[in-house]
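File shown here: input-v6.txt, holding compact mmCIF, C-alpha atoms and all ligand atoms.
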# COMPACT_ATOMS: atom_id res chain seq x y z
CA MET Z 1 5.99 38.86 21.79
CA MET Z 2 6.64 36.73 18.68
CA ALA Z 3 5.75 38.22 15.30
CA ARG Z 4 2.78 36.55 13.61
CA ARG Z 5 3.79 35.05 10.25
CA ALA Z 6 1.58 35.59 7.22
CA ASP Z 7 0.87 31.87 6.97
CA ASP Z 8 0.09 31.38 10.66
CA ASP Z 9 -3.34 29.94 11.16
CA ASP Z 10 -4.66 28.69 14.44
CA ASP Z 11 -8.39 28.95 14.00
CA GLY Z 12 -9.22 25.35 13.10
CA ILE Z 13 -9.07 21.93 14.72
CA ILE Z 14 -7.02 20.64 11.80
CA GLY Z 15 -4.01 22.86 11.38
CA ILE Z 16 -3.60 24.63 14.71
CA GLY Z 17 -0.38 26.53 14.26
CA LEU Z 18 0.10 25.20 10.72
CA GLY Z 19 0.54 27.13 7.51
CA PRO Z 20 -2.18 27.07 4.82
CA ALA Z 21 -0.38 24.57 2.58
CA VAL Z 22 0.08 22.08 5.41
CA ARG Z 23 -3.47 22.64 6.59
CA GLN Z 24 -4.84 22.14 3.08
CA ARG Z 25 -2.93 18.87 2.78
CA ALA Z 26 -4.23 17.72 6.18
CA LEU Z 27 -7.79 18.57 5.14
CA ALA Z 28 -7.39 16.74 1.81
CA GLU Z 29 -6.05 13.68 3.63
CA ALA Z 30 -8.91 13.79 6.15
CA ALA Z 31 -11.45 14.11 3.31
CA ALA Z 32 -9.91 11.17 1.41
CA LYS Z 33 -9.98 9.06 4.58
CA LEU Z 34 -13.61 9.94 5.17
CA ALA Z 35 -14.51 9.11 1.55
CA ALA Z 36 -12.81 5.71 1.89
CA ARG Z 37 -14.71 5.08 5.15
CA ARG Z 38 -17.98 5.99 3.44
CA GLN Z 39 -17.24 3.58 0.59
CA ARG Z 40 -16.64 0.84 3.12
CA ASP Z 41 -19.76 1.66 5.11
CA ALA Z 42 -21.93 1.70 1.97
CA LEU Z 43 -21.23 -1.97 1.29
CA PRO Z 44 -23.91 -4.40 2.45
CA HIS Z 45 -23.26 -6.56 5.50
CA ARG Z 46 -24.64 -9.62 3.77
CA ILE Z 47 -24.65 -10.75 0.15
CA THR Z 48 -26.24 -13.91 -1.19
CA THR Z 49 -25.37 -15.60 -4.46
CA HIS Z 50 -26.60 -18.74 -6.20
CA ARG Z 51 -24.58 -21.04 -3.89
CA LEU Z 52 -23.01 -18.78 -1.28
CA THR Z 53 -23.66 -16.41 1.58
CA LEU Z 54 -21.13 -13.63 2.17
CA ARG Z 55 -21.36 -12.11 5.63
CA ALA Z 56 -19.25 -10.56 8.39
CA PRO Z 57 -16.81 -13.04 9.96
CA ILE Z 58 -17.91 -14.28 13.40
CA ARG Z 59 -16.21 -16.07 16.32
CA GLY Z 60 -17.94 -19.31 15.29
CA ASP Z 61 -15.92 -19.24 12.03
CA VAL Z 62 -12.59 -19.45 13.88
CA PRO Z 63 -12.19 -23.28 13.92
CA ASP Z 64 -12.82 -23.63 10.16
CA LEU Z 65 -10.89 -20.43 9.48
CA VAL Z 66 -7.80 -21.74 11.27
CA ARG Z 67 -8.07 -25.23 9.73
CA LEU Z 68 -8.30 -23.85 6.18
CA ALA Z 69 -6.00 -20.81 6.47
CA ASP Z 70 -3.16 -22.76 8.07
CA ASN Z 71 -1.98 -23.81 4.62
CA ARG Z 72 1.35 -22.72 3.20
CA VAL Z 73 0.03 -23.10 -0.36
CA ILE Z 74 -2.46 -20.33 0.38
CA ALA Z 75 -0.17 -18.14 2.49
CA GLU Z 76 2.57 -17.98 -0.12
CA ARG Z 77 0.12 -16.53 -2.64
CA LEU Z 78 -1.11 -13.79 -0.27
CA ALA Z 79 0.67 -10.69 1.00
CA ARG Z 80 -0.91 -10.64 4.45
CA LEU Z 81 -1.83 -14.14 5.68
CA PRO Z 82 0.20 -15.30 8.71
CA SER Z 83 1.87 -18.70 8.34
CA PRO Z 84 1.56 -20.86 10.35
CA TYR Z 85 -1.96 -19.61 11.03
CA THR Z 86 -2.91 -20.02 14.68
CA ARG Z 87 -6.14 -19.72 16.66
CA ALA Z 88 -4.90 -16.31 17.89
CA ASP Z 89 -4.58 -15.20 14.24
CA GLY Z 90 -8.14 -16.36 13.60
CA VAL Z 91 -9.52 -14.50 16.62
CA ALA Z 92 -7.54 -11.37 15.68
CA PHE Z 93 -8.96 -11.55 12.17
CA VAL Z 94 -12.54 -11.64 13.45
CA GLU Z 95 -12.17 -9.26 16.40
CA ILE Z 96 -9.68 -6.70 15.08
CA PHE Z 97 -9.01 -6.85 11.34
CA ALA Z 98 -12.66 -7.27 10.34
CA GLN Z 99 -13.61 -4.25 12.50
CA ARG Z 100 -11.14 -1.88 10.88
CA PRO Z 101 -12.70 1.14 9.15
CA ASP Z 102 -10.59 0.52 6.04
CA GLU Z 103 -11.50 -3.15 5.56
CA ARG Z 104 -14.69 -4.99 4.56
CA PRO Z 105 -13.94 -8.71 4.62
CA TYR Z 106 -16.73 -11.22 4.03
CA ALA Z 107 -16.73 -14.78 5.31
CA ILE Z 108 -17.70 -17.04 2.41
CA VAL Z 109 -20.26 -19.56 3.61
CA LEU Z 110 -21.29 -22.68 1.67
CA ASP Z 111 -23.94 -24.97 3.13
CA GLU Z 112 -23.58 -23.11 6.45
CA ARG Z 113 -19.81 -23.77 6.64
CA PHE Z 114 -17.08 -21.14 6.49
CA ILE Z 115 -14.92 -21.86 3.40
CA GLY Z 116 -12.88 -18.69 2.77
CA VAL Z 117 -12.69 -14.91 2.66
CA VAL Z 118 -13.31 -12.27 0.02
CA GLY Z 119 -13.24 -8.55 0.63
CA LEU Z 120 -12.16 -5.06 -0.18
CA SER Z 121 -9.46 -2.92 1.41
CA PHE Z 122 -9.96 0.82 1.25
CA HIS Z 123 -7.07 3.20 0.68
CA PRO Z 124 -7.65 6.96 0.99
CA GLY Z 125 -7.42 8.61 -2.43
CA ALA Z 126 -7.12 5.31 -4.28
CA ALA Z 127 -9.38 2.58 -5.62
CA PRO Z 128 -10.41 -0.18 -3.21
CA GLU Z 129 -8.48 -3.42 -3.57
CA LEU Z 130 -10.10 -6.84 -3.94
CA GLY Z 131 -8.52 -9.72 -2.04
CA TYR Z 132 -9.57 -13.32 -1.46
CA TRP Z 133 -8.68 -16.85 -0.54
CA LEU Z 134 -10.59 -20.09 -0.47
CA GLY Z 135 -9.92 -23.27 1.51
CA GLU Z 136 -8.06 -25.70 -0.75
CA PRO Z 137 -10.76 -28.44 -0.69
CA TYR Z 138 -13.12 -25.98 -2.38
CA TRP Z 139 -10.94 -24.89 -5.30
CA ARG Z 140 -11.88 -25.24 -8.98
CA ARG Z 141 -15.64 -25.22 -8.55
CA GLY Z 142 -16.15 -21.64 -9.69
CA LEU Z 143 -16.85 -20.57 -6.11
CA MET Z 144 -14.40 -17.65 -5.93
CA SER Z 145 -15.53 -16.33 -9.28
CA GLU Z 146 -19.07 -16.35 -7.90
CA ALA Z 147 -18.10 -14.72 -4.59
CA ALA Z 148 -15.78 -12.06 -6.02
CA LYS Z 149 -18.26 -11.11 -8.72
CA ALA Z 150 -20.94 -10.58 -6.07
CA VAL Z 151 -18.62 -8.29 -4.07
CA CYS Z 152 -17.67 -6.24 -7.14
CA ASP Z 153 -21.32 -5.92 -8.17
CA ALA Z 154 -22.27 -4.81 -4.64
CA ALA Z 155 -19.40 -2.31 -4.57
CA PHE Z 156 -20.43 -0.69 -7.83
CA ALA Z 157 -24.08 -0.67 -6.73
CA THR Z 158 -23.13 1.63 -3.84
CA ARG Z 159 -22.45 4.36 -6.45
CA ARG Z 160 -19.46 5.41 -4.36
CA ILE Z 161 -16.95 3.18 -6.14
CA GLU Z 162 -15.88 3.67 -9.76
CA ARG Z 163 -12.91 1.31 -9.94
CA ILE Z 164 -11.63 -1.76 -8.12
CA ILE Z 165 -8.04 -2.95 -8.27
CA ALA Z 166 -6.44 -6.31 -7.53
CA ARG Z 167 -2.96 -7.79 -7.51
CA ALA Z 168 -1.76 -11.33 -8.15
CA LEU Z 169 1.64 -12.99 -8.25
CA PRO Z 170 2.75 -13.69 -11.83
CA THR Z 171 2.72 -17.43 -11.01
CA ASN Z 172 -0.82 -17.34 -9.56
CA LEU Z 173 -2.67 -18.31 -12.71
CA ALA Z 174 -5.86 -19.37 -10.90
CA SER Z 175 -6.25 -15.94 -9.32
CA GLN Z 176 -5.46 -14.18 -12.59
CA ARG Z 177 -8.09 -16.34 -14.29
CA VAL Z 178 -10.68 -15.38 -11.65
CA LEU Z 179 -9.95 -11.70 -12.26
CA GLU Z 180 -10.10 -12.07 -16.04
CA LYS Z 181 -13.42 -13.91 -15.81
CA LEU Z 182 -14.75 -10.95 -13.82
CA GLY Z 183 -13.66 -8.54 -16.55
CA PHE Z 184 -10.58 -7.09 -14.82
CA THR Z 185 -7.98 -5.64 -17.19
CA ARG Z 186 -4.39 -6.74 -16.80
CA GLY Z 187 -1.99 -3.85 -16.21
CA GLU Z 188 1.71 -3.40 -15.60
CA ARG Z 189 3.74 -5.57 -13.31
CA GLY Z 190 5.24 -3.83 -10.29
CA PRO Z 191 6.21 -4.24 -6.65
CA SER Z 192 3.46 -5.05 -4.16
CA PRO Z 193 3.05 -2.14 -1.72
CA ALA Z 194 2.54 -4.73 1.02
CA ASN Z 195 5.82 -6.64 0.66
CA GLY Z 196 7.69 -5.51 -2.46
CA ARG Z 197 7.20 -8.81 -4.32
CA GLU Z 198 6.51 -8.44 -8.02
CA VAL Z 199 2.80 -8.64 -8.80
CA VAL Z 200 0.57 -8.25 -11.83
CA ASN Z 201 -1.78 -5.29 -11.38
CA PHE Z 202 -5.43 -5.58 -12.42
CA ALA Z 203 -8.27 -3.05 -12.54
CA LEU Z 204 -12.01 -3.22 -13.11
CA ASP Z 205 -14.00 -0.10 -13.94
CA LYS Z 206 -17.65 0.28 -13.07
CA PRO Z 207 -19.69 -0.88 -16.05
CA ARG Z 208 -21.44 1.90 -17.94
CA TRP Z 209 -24.66 1.42 -19.80
CA GLY Z 210 -26.21 3.54 -22.53
C1 LIG H 1 -7.28 -18.23 -6.44
C2 LIG H 1 -8.44 -18.98 -5.80
C3 LIG H 1 -9.21 -18.04 -4.92
C4 LIG H 1 -9.36 -19.49 -6.92
O1 LIG H 1 -10.55 -20.00 -6.34
P1 LIG H 1 -11.49 -20.99 -7.16
O2 LIG H 1 -12.82 -21.04 -6.50
O3 LIG H 1 -10.77 -22.26 -7.38
O4 LIG H 1 -11.62 -20.20 -8.55
P2 LIG H 1 -12.64 -20.50 -9.70
O5 LIG H 1 -12.98 -21.97 -9.72
O6 LIG H 1 -13.77 -19.54 -9.59
O7 LIG H 1 -11.80 -20.10 -10.98
C5 LIG H 1 -10.47 -20.54 -11.11
C6 LIG H 1 -10.09 -20.49 -12.58
O8 LIG H 1 -8.68 -20.67 -12.67
C7 LIG H 1 -8.41 -21.83 -13.41
N1 LIG H 1 -7.24 -22.44 -12.79
C8 LIG H 1 -7.17 -23.05 -11.60
N2 LIG H 1 -5.91 -23.45 -11.37
C9 LIG H 1 -5.19 -23.04 -12.43
C10 LIG H 1 -3.83 -23.16 -12.79
N3 LIG H 1 -2.95 -23.76 -11.99
N4 LIG H 1 -3.43 -22.65 -13.99
C11 LIG H 1 -4.30 -22.03 -14.80
N5 LIG H 1 -5.62 -21.87 -14.50
C12 LIG H 1 -6.04 -22.39 -13.33
C13 LIG H 1 -9.64 -22.68 -13.30
O9 LIG H 1 -9.70 -23.62 -14.37
C14 LIG H 1 -10.71 -21.61 -13.38
O10 LIG H 1 -10.88 -21.12 -14.69
P3 LIG H 1 -12.09 -21.62 -15.64
O11 LIG H 1 -13.37 -21.34 -14.90
O12 LIG H 1 -11.93 -20.83 -16.88
O13 LIG H 1 -11.90 -23.09 -15.85
C15 LIG H 1 -7.96 -20.18 -4.96
O14 LIG H 1 -7.17 -20.99 -5.78
C16 LIG H 1 -7.16 -19.73 -3.74
O15 LIG H 1 -7.71 -19.44 -2.70
N6 LIG H 1 -5.83 -19.70 -3.88
C17 LIG H 1 -4.93 -19.32 -2.78
C18 LIG H 1 -5.11 -17.87 -2.37
C19 LIG H 1 -4.98 -16.92 -3.53
O16 LIG H 1 -4.29 -17.19 -4.50
N7 LIG H 1 -5.66 -15.78 -3.41
C20 LIG H 1 -5.58 -14.73 -4.40
C21 LIG H 1 -4.37 -13.90 -4.18
S1 LIG H 1 -4.18 -12.71 -5.48

Give the structure from this file in structure tokens form.
Ligand SMILES: CC(C)(COP(=O)(O)OP(=O)(O)OC[C@H]1O[C@@H](n2cnc3c(N)ncnc32)[C@H](O)[C@@H]1OP(=O)(O)O)[C@@H](O)C(=O)NCCC(=O)NCCS
Amino acid sequence: MMARRADDDDDGIIGIGLGPAVRQRALAEAAAKLAARRQRDALPHRITTHRLTLRAPIRGDVPDLVRLADNRVIAERLARLPSPYTRADGVAFVEIFAQRPDERPYAIVLDERFIGVVGLSFHPGAAPELGYWLGEPYWRRGLMSEAAKAVCDAAFATRRIERIIARALPTNLASQRVLEKLGFTRGERGPSPANGREVVNFALDKPRWG
């Protein structure tokens, strides 16, 4: 019979046969994942602004999604947009990506047409990250400032989110301007965790009154 080590512990679902330090780390990771999931689930499914509706992406968005997202000018500013952007990418976005427990993307709808995406990505143990793109015909009308502000306001209203982060390429002045208009603070430059490209880091803390 094998001797039982002092740190043996096989009485839980997490950590069967694991030592206390490993089990504690696994529990902390599970708790952080759950907290991130709860943040995501606390966000509303629909947000309305002065001009826009933000709602879950649907299959009916796919034609406009593909037409607008298949644009190299947009893809080269984003870490995760396929280029060229095909119908299969559009369907995968609606059916798979949008269903992920660590993502809350909103379709941006203007006059009942899909025009872009804004959303938050949730990382266990870290602040959620704001991301967005808008179809090029709709740029420079203040629409993303309006959409992104609504998402940040909704996130802070959940009371589960204290800080939102964002990243933009140093050359992406329009995106940096959107973030500054929303009150984000510019931080250090550093490599994007998604692809290693240098990005400018931004953060917005929940406003405090009184
Ligand atoms: C970034 C993006 C979402 C901005 O959307 P938008 O609806 O045009 O943004 P807004 O009109 O709300 O605000 C843009 C601001 O940037 C300014 N701006 C636009 N182009 C600019 C440029 N080339 N240089 C400097 N400022 C610029 C606008 O004047 C405006 O500021 P203002 O209101 O003070 O005049 C849109 O350009 C886009 O989808 N780009 C490609 C994807 C992308 O970059 N996503 C973000 C990745 S971090």

Give me the residues near Z:Arg37 as a short mmCIF file (atom, residue, chain, number, x, y, z; two decimals) with C-alpha atoms, keeping the file's coordinate frame, where near means some atom within 9 Å (using only C-alpha atoms) and where sequence neighbours in that chain fewer than 2 positions away do not count.
data_model
loop_
_atom_site.label_atom_id
_atom_site.label_comp_id
_atom_site.auth_asym_id
_atom_site.auth_seq_id
_atom_site.Cartn_x
_atom_site.Cartn_y
_atom_site.Cartn_z
CA ALA Z 32 -9.91 11.17 1.41
CA LYS Z 33 -9.98 9.06 4.58
CA LEU Z 34 -13.61 9.94 5.17
CA ALA Z 35 -14.51 9.11 1.55
CA GLN Z 39 -17.24 3.58 0.59
CA ARG Z 40 -16.64 0.84 3.12
CA ASP Z 41 -19.76 1.66 5.11
CA ALA Z 42 -21.93 1.70 1.97
CA PRO Z 101 -12.70 1.14 9.15
CA ASP Z 102 -10.59 0.52 6.04
CA GLU Z 103 -11.50 -3.15 5.56
CA PHE Z 122 -9.96 0.82 1.25
CA PRO Z 124 -7.65 6.96 0.99
#

Exercise for the section: Step by step, measure atom-to-atom distances between ligand LIG 1 (chain H) and each residue using all atoms listed in the file, keep those at most 6 Å, then write them as a count of residues only. Expected result: 20

Problem - Of the listed residues Z:Trp209, Z:Tyr106, Z:Phe114, Z:Phe184, that which approaches Z:Ala56 most closely, counting only C-alpha atoms - result: Z:Tyr106

Practice task
Could you tell me how far atom CA of Z:Glu162 lies from atom CA of Z:Lys206, in Å and to one decimal?
Solution key: 5.1 Å

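For Z:Leu43, the non-local neighbours within 8 Å, defined as residues at least 5 positions apart in the same chain or in other chains and counting all atoms listed in the file, are Z:Arg104, Z:Ala154, Z:Ala155, Z:Thr158.
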
Fill in the blank from the handout: atom CA of Z:Ser83 sits from atom CA of Z:Glu129 at a separation of 22.0 Å

Practice task
Extract, using only C-alpha atoms, all DNA, RNA and protein residues at most 9 Å from Z:Pro128, discarding same-chain residues fewer than 2 positions from it, and format them as a list of chain:residue names.
Solution key: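 Listing them by chain and then by number gives Z:Ala36, Z:Gln39, Z:Arg40, Z:Leu120, Z:Ser121, Z:Phe122, Z:His123, Z:Pro124, Z:Ala126, Z:Leu130, Z:Ile161, Z:Arg163, Z:Ile164, Z:Ile165, Z:Ala166.
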
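Distances to Z:Lys149 were evaluated for Z:Arg59, Z:Arg186, Z:Arg25, Z:His50 using only C-alpha atoms, and the minimum falls at Z:His50.
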
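The space separating atom CA of Z:Arg46 from atom CA of Z:Thr185 comes to 27.1 Å.
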
For a cut-off of 9 Å around (-2.0, -23.7, 9.8), file coordinates, pick out all residues using only C-alpha atoms and list them as a PDB file with C-alpha atoms, in the frame of the given file.
ATOM      1  CA  VAL Z  66      -7.800 -21.740  11.270  1.00  0.00           C
ATOM      2  CA  ARG Z  67      -8.070 -25.230   9.730  1.00  0.00           C
ATOM      3  CA  LEU Z  68      -8.300 -23.850   6.180  1.00  0.00           C
ATOM      4  CA  ALA Z  69      -6.000 -20.810   6.470  1.00  0.00           C
ATOM      5  CA  ASP Z  70      -3.160 -22.760   8.070  1.00  0.00           C
ATOM      6  CA  ASN Z  71      -1.980 -23.810   4.620  1.00  0.00           C
ATOM      7  CA  ARG Z  72       1.350 -22.720   3.200  1.00  0.00           C
ATOM      8  CA  PRO Z  82       0.200 -15.300   8.710  1.00  0.00           C
ATOM      9  CA  SER Z  83       1.870 -18.700   8.340  1.00  0.00           C
ATOM     10  CA  PRO Z  84       1.560 -20.860  10.350  1.00  0.00           C
ATOM     11  CA  TYR Z  85      -1.960 -19.610  11.030  1.00  0.00           C
ATOM     12  CA  THR Z  86      -2.910 -20.020  14.680  1.00  0.00           C
ATOM     13  CA  ARG Z  87      -6.140 -19.720  16.660  1.00  0.00           C
TER      14      ARG Z  87
END

Handout entry: Among listed residues Z:Arg189, Z:Arg197, Z:Arg23, Z:Arg113, nearest Z:Pro57 (using all atoms listed in the file)
Key =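 Once distances to Z:Pro57 are computed over all atoms listed in the file, the minimum belongs to Z:Arg113.
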
Problem - Option closest in space to Z:Pro63, from Z:Asp205, Z:Asp89, Z:Asp111, Z:Glu76 [counting only C-alpha atoms] - result: Z:Asp89

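All residues of protein, DNA or RNA that reach within 8 Å of Z:Ala147, judged by only C-alpha atoms and not counting those fewer than 5 positions away in the chain, are Thr49, Leu52, Leu54, Ile108 and Val118 of chain Z.
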
Problem - Which of Z:Leu110, Z:Ala157, Z:Ala30, Z:Leu179 sits closest to Z:Phe202 [using only C-alpha atoms] - result: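 Checking each of Z:Leu110, Z:Ala157, Z:Ala30, Z:Leu179 against Z:Phe202, counting only C-alpha atoms, the winner is Z:Leu179.
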
Practice task
Check the smallest atom-to-atom distance from each of Z:Leu169, Z:Phe93, Z:Arg159, Z:Glu180 to Z:Val200 using only C-alpha atoms, then report the winner.
Solution key: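 Smallest distance to Z:Val200 is found for Z:Leu169.
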